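The next block is upload_7.pdb, given as PDB, C-alpha atoms, pLDDT in the B column.
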ATOM      1  CA  MET C1150       3.661 -35.664 -31.229  1.00 71.00           C
ATOM      2  CA  SER C1151       0.719 -34.962 -33.501  1.00 86.00           C
ATOM      3  CA  ILE C1152      -0.422 -31.547 -34.660  1.00 88.00           C
ATOM      4  CA  SER C1153      -3.752 -31.905 -32.856  1.00 87.00           C
ATOM      5  CA  ARG C1154      -1.961 -32.623 -29.590  1.00 90.00           C
ATOM      6  CA  VAL C1155       0.273 -29.548 -30.039  1.00 88.00           C
ATOM      7  CA  ASN C1156      -2.811 -27.443 -30.823  1.00 90.00           C
ATOM      8  CA  ASN C1157      -4.566 -28.703 -27.684  1.00 90.00           C
ATOM      9  CA  LEU C1158      -1.517 -27.855 -25.569  1.00 92.00           C
ATOM     10  CA  LEU C1159      -1.297 -24.375 -27.091  1.00 91.00           C
ATOM     11  CA  ILE C1160      -5.005 -23.720 -26.548  1.00 92.00           C
ATOM     12  CA  THR C1161      -4.717 -24.915 -22.951  1.00 93.00           C
ATOM     13  CA  ALA C1162      -1.713 -22.634 -22.402  1.00 92.00           C
ATOM     14  CA  ILE C1163      -3.500 -19.637 -23.939  1.00 92.00           C
ATOM     15  CA  VAL C1164      -6.606 -20.207 -21.805  1.00 91.00           C
ATOM     16  CA  ALA C1165      -4.490 -20.613 -18.644  1.00 89.00           C
ATOM     17  CA  ILE C1166      -2.552 -17.403 -19.334  1.00 88.00           C
ATOM     18  CA  ASN C1167      -5.754 -15.465 -20.030  1.00 87.00           C
ATOM     19  CA  VAL C1168      -7.385 -16.723 -16.833  1.00 84.00           C
ATOM     20  CA  PHE C1169      -4.251 -15.660 -14.921  1.00 82.00           C
ATOM     21  CA  VAL C1170      -4.172 -12.194 -16.519  1.00 79.00           C
ATOM     22  CA  ILE C1171      -7.873 -11.620 -15.876  1.00 80.00           C
ATOM     23  CA  ALA C1172      -8.166 -13.205 -12.411  1.00 77.00           C
ATOM     24  CA  LEU C1173      -4.985 -11.918 -10.751  1.00 77.00           C
ATOM     25  CA  PRO C1174      -6.099  -8.264 -10.669  1.00 78.00           C
ATOM     26  CA  LEU C1175      -9.316  -9.345  -8.924  1.00 79.00           C
ATOM     27  CA  TYR C1176      -7.600 -11.461  -6.263  1.00 80.00           C
ATOM     28  CA  PRO C1177      -6.829  -8.573  -3.822  1.00 82.00           C
ATOM     29  CA  ALA C1178     -10.438  -7.370  -3.991  1.00 80.00           C
ATOM     30  CA  LEU C1179     -11.855 -10.842  -3.413  1.00 82.00           C
ATOM     31  CA  SER C1180      -9.481 -11.673  -0.556  1.00 82.00           C
ATOM     32  CA  PHE C1181     -10.201  -8.336   1.150  1.00 82.00           C
ATOM     33  CA  TRP C1182     -13.954  -8.878   0.802  1.00 83.00           C
ATOM     34  CA  TRP C1183     -13.600 -12.380   2.272  1.00 84.00           C
ATOM     35  CA  ALA C1184     -11.496 -11.131   5.206  1.00 81.00           C
ATOM     36  CA  THR C1185     -13.867  -8.271   6.069  1.00 83.00           C
ATOM     37  CA  HIS C1186     -17.282  -9.764   5.338  1.00 75.00           C
ATOM     38  CA  VAL C1187     -16.870 -13.458   6.045  1.00 81.00           C
ATOM     39  CA  GLN C1188     -14.023 -13.620   8.561  1.00 77.00           C
ATOM     40  CA  HIS C1189     -14.798 -10.201  10.163  1.00 76.00           C
ATOM     41  CA  ARG C1190     -11.078  -9.565  10.678  1.00 76.00           C
ATOM     42  CA  GLN C1191     -11.065  -5.735  10.944  1.00 72.00           C
ATOM     43  CA  PRO C1192     -11.940  -5.342  14.662  1.00 68.00           C
ATOM     44  CA  HIS C1193      -9.466  -8.037  15.739  1.00 66.00           C
ATOM     45  CA  PHE C1194      -6.798  -6.748  13.355  1.00 71.00           C
ATOM     46  CA  ALA C1195      -7.091  -3.193  14.683  1.00 65.00           C
ATOM     47  CA  SER C1196      -6.756  -4.128  18.333  1.00 65.00           C
ATOM     48  CA  SER C1197      -3.917  -6.598  17.818  1.00 67.00           C
ATOM     49  CA  LYS C1198      -1.797  -4.553  15.391  1.00 65.00           C
ATOM     50  CA  MET C1199      -2.175  -1.025  16.747  1.00 63.00           C
ATOM     51  CA  ASN C1200      -1.180  -1.965  20.300  1.00 67.00           C
ATOM     52  CA  GLN C1201       1.661  -4.406  19.646  1.00 65.00           C
ATOM     53  CA  ASN C1202       3.869  -4.987  22.621  1.00 66.00           C
ATOM     54  CA  PRO C1203       6.774  -5.331  22.255  1.00 69.00           C
ATOM     55  CA  VAL C1204       7.213  -3.049  19.268  1.00 74.00           C
ATOM     56  CA  PRO C1205       7.813  -5.139  16.117  1.00 77.00           C
ATOM     57  CA  ALA C1206      11.311  -5.235  14.661  1.00 77.00           C
ATOM     58  CA  GLY C1207      11.963  -3.141  11.596  1.00 85.00           C
ATOM     59  CA  GLU C1208       9.898  -0.404  10.031  1.00 94.00           C
ATOM     60  CA  ARG C1209       6.221  -1.284   9.524  1.00 94.00           C
ATOM     61  CA  LEU C1210       3.137   0.533   8.229  1.00 96.00           C
ATOM     62  CA  ILE C1211      -0.191  -0.552   9.718  1.00 94.00           C
ATOM     63  CA  ILE C1212      -3.581   0.575   8.400  1.00 95.00           C
ATOM     64  CA  PRO C1213      -6.331  -1.351  10.242  1.00 93.00           C
ATOM     65  CA  LYS C1214      -9.165  -0.365   7.894  1.00 93.00           C
ATOM     66  CA  LEU C1215      -7.273  -1.950   4.992  1.00 93.00           C
ATOM     67  CA  LEU C1216      -5.988  -4.949   6.993  1.00 92.00           C
ATOM     68  CA  LEU C1217      -2.537  -3.736   5.959  1.00 93.00           C
ATOM     69  CA  ASP C1218       0.585  -4.623   7.954  1.00 92.00           C
ATOM     70  CA  GLU C1219       3.619  -4.244   5.704  1.00 94.00           C
ATOM     71  CA  GLN C1220       7.326  -3.654   6.011  1.00 95.00           C
ATOM     72  CA  VAL C1221       8.636  -0.294   4.801  1.00 96.00           C
ATOM     73  CA  TYR C1222      11.690  -0.635   2.568  1.00 95.00           C
ATOM     74  CA  GLU C1223      14.551   1.814   2.162  1.00 93.00           C
ATOM     75  CA  GLY C1224      16.251   2.108  -1.208  1.00 90.00           C
ATOM     76  CA  PRO C1225      17.732   4.584  -3.653  1.00 90.00           C
ATOM     77  CA  ASP C1226      15.016   4.505  -6.323  1.00 88.00           C
ATOM     78  CA  VAL C1227      11.437   3.583  -7.188  1.00 84.00           C
ATOM     79  CA  ILE C1228      12.472   0.027  -8.130  1.00 86.00           C
ATOM     80  CA  THR C1229      12.398  -0.608  -4.361  1.00 89.00           C
ATOM     81  CA  ALA C1230       8.593  -0.244  -4.525  1.00 88.00           C
ATOM     82  CA  ASN C1231       8.526  -3.624  -6.286  1.00 88.00           C
ATOM     83  CA  LYS C1232       9.284  -5.164  -2.864  1.00 92.00           C
ATOM     84  CA  GLY C1233       6.355  -3.421  -1.149  1.00 92.00           C
ATOM     85  CA  ILE C1234       6.168  -0.010   0.517  1.00 95.00           C
ATOM     86  CA  TRP C1235       9.085   2.295  -0.279  1.00 93.00           C
ATOM     87  CA  ARG C1236      10.077   5.367   1.756  1.00 95.00           C
ATOM     88  CA  TYR C1237      10.942   8.144  -0.658  1.00 95.00           C
ATOM     89  CA  PRO C1238      14.583   8.840   0.305  1.00 94.00           C
ATOM     90  CA  GLN C1239      14.497  12.633  -0.111  1.00 94.00           C
ATOM     91  CA  ALA C1240      11.555  12.860   2.311  1.00 95.00           C
ATOM     92  CA  SER C1241      11.731  12.871   6.079  1.00 96.00           C
ATOM     93  CA  MET C1242      11.303   9.959   8.492  1.00 95.00           C
ATOM     94  CA  PRO C1243       8.697   9.616  11.262  1.00 95.00           C
ATOM     95  CA  ASP C1244      11.294  10.144  14.014  1.00 93.00           C
ATOM     96  CA  LYS C1245      12.529  13.366  12.357  1.00 94.00           C
ATOM     97  CA  GLY C1246       9.144  15.063  11.902  1.00 91.00           C
ATOM     98  CA  GLY C1247       8.228  16.773   8.653  1.00 95.00           C
ATOM     99  CA  ASN C1248       6.789  14.992   5.628  1.00 97.00           C
ATOM    100  CA  THR C1249       7.360  11.217   5.467  1.00 97.00           C
ATOM    101  CA  VAL C1250       6.406   9.982   1.983  1.00 97.00           C
ATOM    102  CA  LEU C1251       5.622   6.303   1.405  1.00 97.00           C
ATOM    103  CA  ILE C1252       5.045   4.931  -2.093  1.00 95.00           C
ATOM    104  CA  GLY C1253       3.483   1.621  -3.106  1.00 94.00           C
ATOM    105  CA  HIS C1254       1.842  -0.051  -6.060  1.00 92.00           C
ATOM    106  CA  ARG C1255      -1.931  -0.397  -6.341  1.00 91.00           C
ATOM    107  CA  PHE C1256      -1.546  -3.230  -8.751  1.00 87.00           C
ATOM    108  CA  THR C1257       1.356  -4.939 -10.440  1.00 82.00           C
ATOM    109  CA  TYR C1258       1.979  -8.381 -11.849  1.00 76.00           C
ATOM    110  CA  LEU C1259       5.598  -8.133 -10.650  1.00 76.00           C
ATOM    111  CA  GLY C1260       5.233  -7.544  -6.919  1.00 79.00           C
ATOM    112  CA  PRO C1261       2.883  -6.861  -4.044  1.00 87.00           C
ATOM    113  CA  ALA C1262      -0.091  -4.548  -4.559  1.00 89.00           C
ATOM    114  CA  VAL C1263       0.270  -3.012  -1.091  1.00 94.00           C
ATOM    115  CA  PHE C1264      -1.918   0.048  -1.748  1.00 95.00           C
ATOM    116  CA  TYR C1265      -4.629  -1.751  -3.754  1.00 94.00           C
ATOM    117  CA  HIS C1266      -7.350  -0.539  -1.352  1.00 94.00           C
ATOM    118  CA  LEU C1267      -5.878   2.882  -0.493  1.00 96.00           C
ATOM    119  CA  ASP C1268      -8.959   4.536  -2.015  1.00 95.00           C
ATOM    120  CA  LEU C1269     -11.082   3.062   0.830  1.00 95.00           C
ATOM    121  CA  LEU C1270      -9.500   5.336   3.438  1.00 97.00           C
ATOM    122  CA  SER C1271     -11.482   8.274   4.811  1.00 97.00           C
ATOM    123  CA  PRO C1272     -10.572  11.310   6.901  1.00 98.00           C
ATOM    124  CA  GLY C1273     -10.305  10.246  10.536  1.00 97.00           C
ATOM    125  CA  ASP C1274      -8.978   6.727   9.838  1.00 96.00           C
ATOM    126  CA  PRO C1275      -5.985   5.776  12.021  1.00 95.00           C
ATOM    127  CA  ILE C1276      -2.578   4.787  10.653  1.00 96.00           C
ATOM    128  CA  THR C1277       0.406   3.576  12.668  1.00 94.00           C
ATOM    129  CA  ILE C1278       4.068   3.374  11.791  1.00 94.00           C
ATOM    130  CA  PHE C1279       6.609   1.487  13.848  1.00 93.00           C
ATOM    131  CA  TRP C1280       9.952   3.145  13.113  1.00 94.00           C
ATOM    132  CA  ASN C1281      13.309   2.612  14.817  1.00 91.00           C
ATOM    133  CA  GLY C1282      11.652   0.892  17.757  1.00 89.00           C
ATOM    134  CA  ARG C1283       8.993   3.552  18.349  1.00 92.00           C
ATOM    135  CA  LYS C1284       5.309   3.809  17.548  1.00 92.00           C
ATOM    136  CA  TYR C1285       3.991   6.827  15.613  1.00 94.00           C
ATOM    137  CA  SER C1286       0.253   7.365  15.319  1.00 94.00           C
ATOM    138  CA  TYR C1287      -1.419   9.300  12.522  1.00 97.00           C
ATOM    139  CA  VAL C1288      -4.961  10.118  11.463  1.00 97.00           C
ATOM    140  CA  VAL C1289      -5.994  10.628   7.832  1.00 98.00           C
ATOM    141  CA  SER C1290      -6.716  14.308   7.207  1.00 98.00           C
ATOM    142  CA  GLN C1291      -6.850  14.656   3.435  1.00 97.00           C
ATOM    143  CA  ILE C1292      -7.317  12.521   0.324  1.00 97.00           C
ATOM    144  CA  LYS C1293      -6.761  13.881  -3.156  1.00 97.00           C
ATOM    145  CA  VAL C1294      -6.012  12.917  -6.745  1.00 97.00           C
ATOM    146  CA  ILE C1295      -3.191  14.754  -8.489  1.00 97.00           C
ATOM    147  CA  LYS C1296      -1.396  14.633 -11.825  1.00 97.00           C
ATOM    148  CA  PRO C1297       1.888  12.671 -11.969  1.00 95.00           C
ATOM    149  CA  SER C1298       3.731  15.939 -12.663  1.00 95.00           C
ATOM    150  CA  ASP C1299       2.586  17.488  -9.344  1.00 96.00           C
ATOM    151  CA  THR C1300       5.581  17.124  -7.026  1.00 94.00           C
ATOM    152  CA  SER C1301       4.229  19.302  -4.209  1.00 95.00           C
ATOM    153  CA  ILE C1302       3.388  16.264  -2.082  1.00 94.00           C
ATOM    154  CA  PHE C1303       7.130  15.534  -1.774  1.00 95.00           C
ATOM    155  CA  TRP C1304       7.974  18.974  -0.366  1.00 95.00           C
ATOM    156  CA  PRO C1305       9.141  19.317   3.247  1.00 95.00           C
ATOM    157  CA  THR C1306       6.558  20.469   5.795  1.00 95.00           C
ATOM    158  CA  ASN C1307       6.724  22.063   9.230  1.00 94.00           C
ATOM    159  CA  ASP C1308       4.154  19.644  10.649  1.00 95.00           C
ATOM    160  CA  SER C1309       4.697  15.924  11.188  1.00 96.00           C
ATOM    161  CA  ARG C1310       2.757  14.139   8.490  1.00 97.00           C
ATOM    162  CA  LEU C1311       2.623  10.939   6.549  1.00 98.00           C
ATOM    163  CA  THR C1312       1.970  11.040   2.803  1.00 98.00           C
ATOM    164  CA  LEU C1313       0.907   7.821   1.071  1.00 98.00           C
ATOM    165  CA  TYR C1314       1.263   7.888  -2.712  1.00 95.00           C
ATOM    166  CA  THR C1315       0.086   5.481  -5.440  1.00 96.00           C
ATOM    167  CA  CYS C1316      -1.354   5.365  -8.949  1.00 94.00           C
ATOM    168  CA  THR C1317      -5.043   5.827  -9.693  1.00 94.00           C
ATOM    169  CA  PRO C1318      -7.383   4.708 -11.149  1.00 92.00           C
ATOM    170  CA  ILE C1319      -6.515   1.137 -10.390  1.00 85.00           C
ATOM    171  CA  TRP C1320      -4.606  -0.596 -13.223  1.00 81.00           C
ATOM    172  CA  SER C1321      -3.603   2.798 -14.636  1.00 87.00           C
ATOM    173  CA  THR C1322      -0.820   5.348 -14.182  1.00 89.00           C
ATOM    174  CA  LYS C1323      -2.978   8.279 -15.339  1.00 94.00           C
ATOM    175  CA  ASN C1324      -3.127  10.066 -11.962  1.00 96.00           C
ATOM    176  CA  ARG C1325      -1.852   9.711  -8.403  1.00 97.00           C
ATOM    177  CA  LEU C1326      -3.902   9.028  -5.280  1.00 97.00           C
ATOM    178  CA  VAL C1327      -2.488  10.857  -2.272  1.00 98.00           C
ATOM    179  CA  VAL C1328      -3.490  10.235   1.342  1.00 98.00           C
ATOM    180  CA  ILE C1329      -2.161  12.698   3.911  1.00 98.00           C
ATOM    181  CA  ALA C1330      -2.260  11.829   7.608  1.00 98.00           C
ATOM    182  CA  GLU C1331      -1.311  14.119  10.497  1.00 97.00           C
ATOM    183  CA  ARG C1332       0.655  12.754  13.441  1.00 96.00           C
ATOM    184  CA  THR C1333      -1.331  12.553  16.683  1.00 94.00           C
ATOM    185  CA  ASN C1334       1.442  11.691  19.158  1.00 74.00           C
ATOM    186  CA  GLN C1335       4.199  14.288  19.304  1.00 57.00           C
TER     187      GLN C1335
END
Could you rewrite the structure in this file as structure tokens?
Amino acid sequence: MSISRVNNLLITAIVAINVFVIALPLYPALSFWWATHVQHRQPHFASSKMNQNPVPAGERLIIPKLLLDEQVYEGPDVITANKGIWRYPQASMPDKGGNTVLIGHRFTYLGPAVFYHLDLLSPGDPITIFWNGRKYSYVVSQIKVIKPSDTSIFWPTNDSRLTLYTCTPIWSTKNRLVVIAERTNQ
């Protein structure tokens, strides 16, 4: 094999890797835009996912505004978040009341970016969790950005709430984006 052929292969490989590294972070944004603006999936998604009958098997988090329908994983540590949405094990569960904390990545090359669009939520947006065969409905009440050292969002609460937790700004671990939703069905 000649040197020029090796150089061409190396240049092709470098270009392909760079395109991958640059394009992959934009894929969730482009696919979401396509689904909401071209396919107009939000209204259909909301009605079909929020009122599922029978209740889906397993634990699932559904956020219609984000076209998000994802399994919630249980596990001992944050490595579980590489599968998708992880329930923080020291927090409560929806069927127990208190503060249920769910953690997910906004962007990662290693797994799903389940909370990529979490910053699009607004107070009043509905969220549903199917947990142990029951449906739990929530409405977003608060959105805030905190420092990674602020652990107050993990503390137990007297009210039934859902806390969604991810890194912000996107592609950075500088701060944490926290969405708090209050349960509407007791």
Can you tell me which residues surround region 1174-1191 of chain C at a distance of at most 7 Å, considering only C-alpha atoms, apart from same-chain residues fewer than 5 positions away, and format the answer as a ChimeraX atom specification?
/C:1213-1214,1216
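Coordinates place CA of Thr1277 (chain C) at a distance of 6.0 Å from CA of Leu1210 (chain C).
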Can you turn the PyMOL selection byres ((chain C and resi 1240-1242) around 10) into a concrete residue list for this file, as a list in words?
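The output of the PyMOL selection byres ((chain C and resi 1240-1242) around 10) on this file is Arg1236, Tyr1237, Pro1238, Gln1239, Pro1243, Asp1244, Lys1245, Gly1246, Gly1247, Asn1248, Thr1249, Val1250, Leu1251, Trp1280, Asn1281, Ile1302, Phe1303, Trp1304, Pro1305, Thr1306, Ser1309, Arg1310, Leu1311 and Thr1312 of chain C.
Between Arg1283 (chain C) and the candidates C:Pro1205, C:Leu1159, C:Val1168, C:Cys1316, the tightest atom-to-atom separation, counting all atoms listed in the file, involves C:Pro1205.
Separating CA of Ile1295 (chain C) from CA of Asp1308 (chain C) is a distance of 21.1 Å.
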Mind giving me the straight-line distance from CA of Pro1272 (chain C) to CA of Tyr1222 (chain C) in Å, one decimal?
25.6 Å
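Comparing the minimum interatomic distances between Asp1299 (chain C) and each of C:Val1327, C:Ile1211, C:Ile1319, C:Ile1276, counting all atoms listed in the file, we find that C:Val1327 sits nearest.
Distances from C:Ser1301, C:Phe1279, C:Phe1256, C:Val1164 to Asp1218 (chain C) were compared using only C-alpha atoms, and the smallest one belongs to C:Phe1279.
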Closest of C:Leu1173, C:Ile1212, C:Ala1162, C:Ala1230 to His1254 (chain C), counting only C-alpha atoms, is C:Ala1230
Test item: residues at most 7 Å from Arg1255 (chain C), only C-alpha atoms, excluding those fewer than 5 positions along its chain, as a compact mmCIF listing (two decimals) with C-alpha atoms, in the frame of the given file:
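To be explicit, this is the file written out as out-v7.txt:
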# COMPACT_ATOMS: atom_id res chain seq x y z
CA ALA C 1262 -0.09 -4.55 -4.56
CA VAL C 1263 0.27 -3.01 -1.09
CA PHE C 1264 -1.92 0.05 -1.75
CA TYR C 1265 -4.63 -1.75 -3.75
CA THR C 1315 0.09 5.48 -5.44
CA CYS C 1316 -1.35 5.36 -8.95
CA ILE C 1319 -6.52 1.14 -10.39
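If you apply the PyMOL selection byres ((chain C and resi 1260) around 8) to this structure, you end up with Asn1231, Lys1232, Gly1233, Thr1257, Tyr1258, Leu1259, Pro1261 and Ala1262 of chain C.
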Choose the residue, out of C:Ala1165, C:Val1221, C:Ile1292, C:Leu1270, that has the smallest atom-to-atom separation from Arg1209 (chain C); count all atoms listed in the file.
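The answer is C:Val1221, which sits nearest to Arg1209 (chain C).
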Just say which residues the PyMOL selection byres ((chain C and resi 1288-1290) around 8) picks in this file, as a PyMOL selection string.
chain C and resi 1270-1276+1286-1287+1291-1292+1328-1333
Complete region 1255-1277 of chain C at the level of N, CA and C atoms, written as a CSV table (one decimal), keeping the file's coordinate frame.
chain,number,residue,atom,x,y,z
C,1255,ARG,N,-0.5,0.0,-6.5
C,1255,ARG,CA,-1.9,-0.4,-6.3
C,1255,ARG,C,-2.1,-1.7,-7.0
C,1256,PHE,N,-1.5,-1.9,-8.1
C,1256,PHE,CA,-1.5,-3.2,-8.8
C,1256,PHE,C,-0.3,-3.4,-9.6
C,1257,THR,N,0.2,-4.6,-9.6
C,1257,THR,CA,1.4,-4.9,-10.4
C,1257,THR,C,1.4,-6.5,-10.5
C,1258,TYR,N,1.8,-6.9,-11.7
C,1258,TYR,CA,2.0,-8.4,-11.8
C,1258,TYR,C,3.3,-8.8,-11.3
C,1259,LEU,N,4.2,-7.8,-11.0
C,1259,LEU,CA,5.6,-8.1,-10.6
C,1259,LEU,C,5.9,-8.1,-9.1
C,1260,GLY,N,5.0,-7.6,-8.4
C,1260,GLY,CA,5.2,-7.5,-6.9
C,1260,GLY,C,3.9,-7.3,-6.1
C,1261,PRO,N,4.1,-7.0,-4.9
C,1261,PRO,CA,2.9,-6.9,-4.0
C,1261,PRO,C,2.1,-5.6,-4.4
C,1262,ALA,N,0.8,-5.7,-4.3
C,1262,ALA,CA,-0.1,-4.5,-4.6
C,1262,ALA,C,-0.5,-4.0,-3.2
C,1263,VAL,N,0.5,-3.4,-2.5
C,1263,VAL,CA,0.3,-3.0,-1.1
C,1263,VAL,C,-0.8,-1.9,-0.9
C,1264,PHE,N,-0.9,-1.0,-1.9
C,1264,PHE,CA,-1.9,0.0,-1.7
C,1264,PHE,C,-3.1,-0.2,-2.6
C,1265,TYR,N,-3.5,-1.4,-2.9
C,1265,TYR,CA,-4.6,-1.8,-3.8
C,1265,TYR,C,-5.9,-1.1,-3.3
C,1266,HIS,N,-6.1,-1.1,-1.9
C,1266,HIS,CA,-7.4,-0.5,-1.4
C,1266,HIS,C,-7.2,0.9,-0.7
C,1267,LEU,N,-6.1,1.6,-1.1
C,1267,LEU,CA,-5.9,2.9,-0.5
C,1267,LEU,C,-7.0,3.8,-0.7
C,1268,ASP,N,-7.8,3.7,-1.7
C,1268,ASP,CA,-9.0,4.5,-2.0
C,1268,ASP,C,-10.1,4.3,-1.0
C,1269,LEU,N,-10.0,3.3,-0.2
C,1269,LEU,CA,-11.1,3.1,0.8
C,1269,LEU,C,-10.9,3.9,2.1
C,1270,LEU,N,-9.7,4.5,2.2
C,1270,LEU,CA,-9.5,5.3,3.4
C,1270,LEU,C,-10.4,6.6,3.4
C,1271,SER,N,-10.7,7.1,4.6
C,1271,SER,CA,-11.5,8.3,4.8
C,1271,SER,C,-10.8,9.2,5.9
C,1272,PRO,N,-11.1,10.5,5.8
C,1272,PRO,CA,-10.6,11.3,6.9
C,1272,PRO,C,-11.0,10.8,8.3
C,1273,GLY,N,-10.1,10.8,9.2
C,1273,GLY,CA,-10.3,10.2,10.5
C,1273,GLY,C,-9.8,8.8,10.8
C,1274,ASP,N,-9.5,8.1,9.7
C,1274,ASP,CA,-9.0,6.7,9.8
C,1274,ASP,C,-7.6,6.7,10.4
C,1275,PRO,N,-7.3,5.8,11.4
C,1275,PRO,CA,-6.0,5.8,12.0
C,1275,PRO,C,-5.0,5.0,11.2
C,1276,ILE,N,-3.7,5.4,11.3
C,1276,ILE,CA,-2.6,4.8,10.7
C,1276,ILE,C,-1.5,4.8,11.7
C,1277,THR,N,-0.7,3.7,11.7
C,1277,THR,CA,0.4,3.6,12.7
C,1277,THR,C,1.7,3.2,11.9
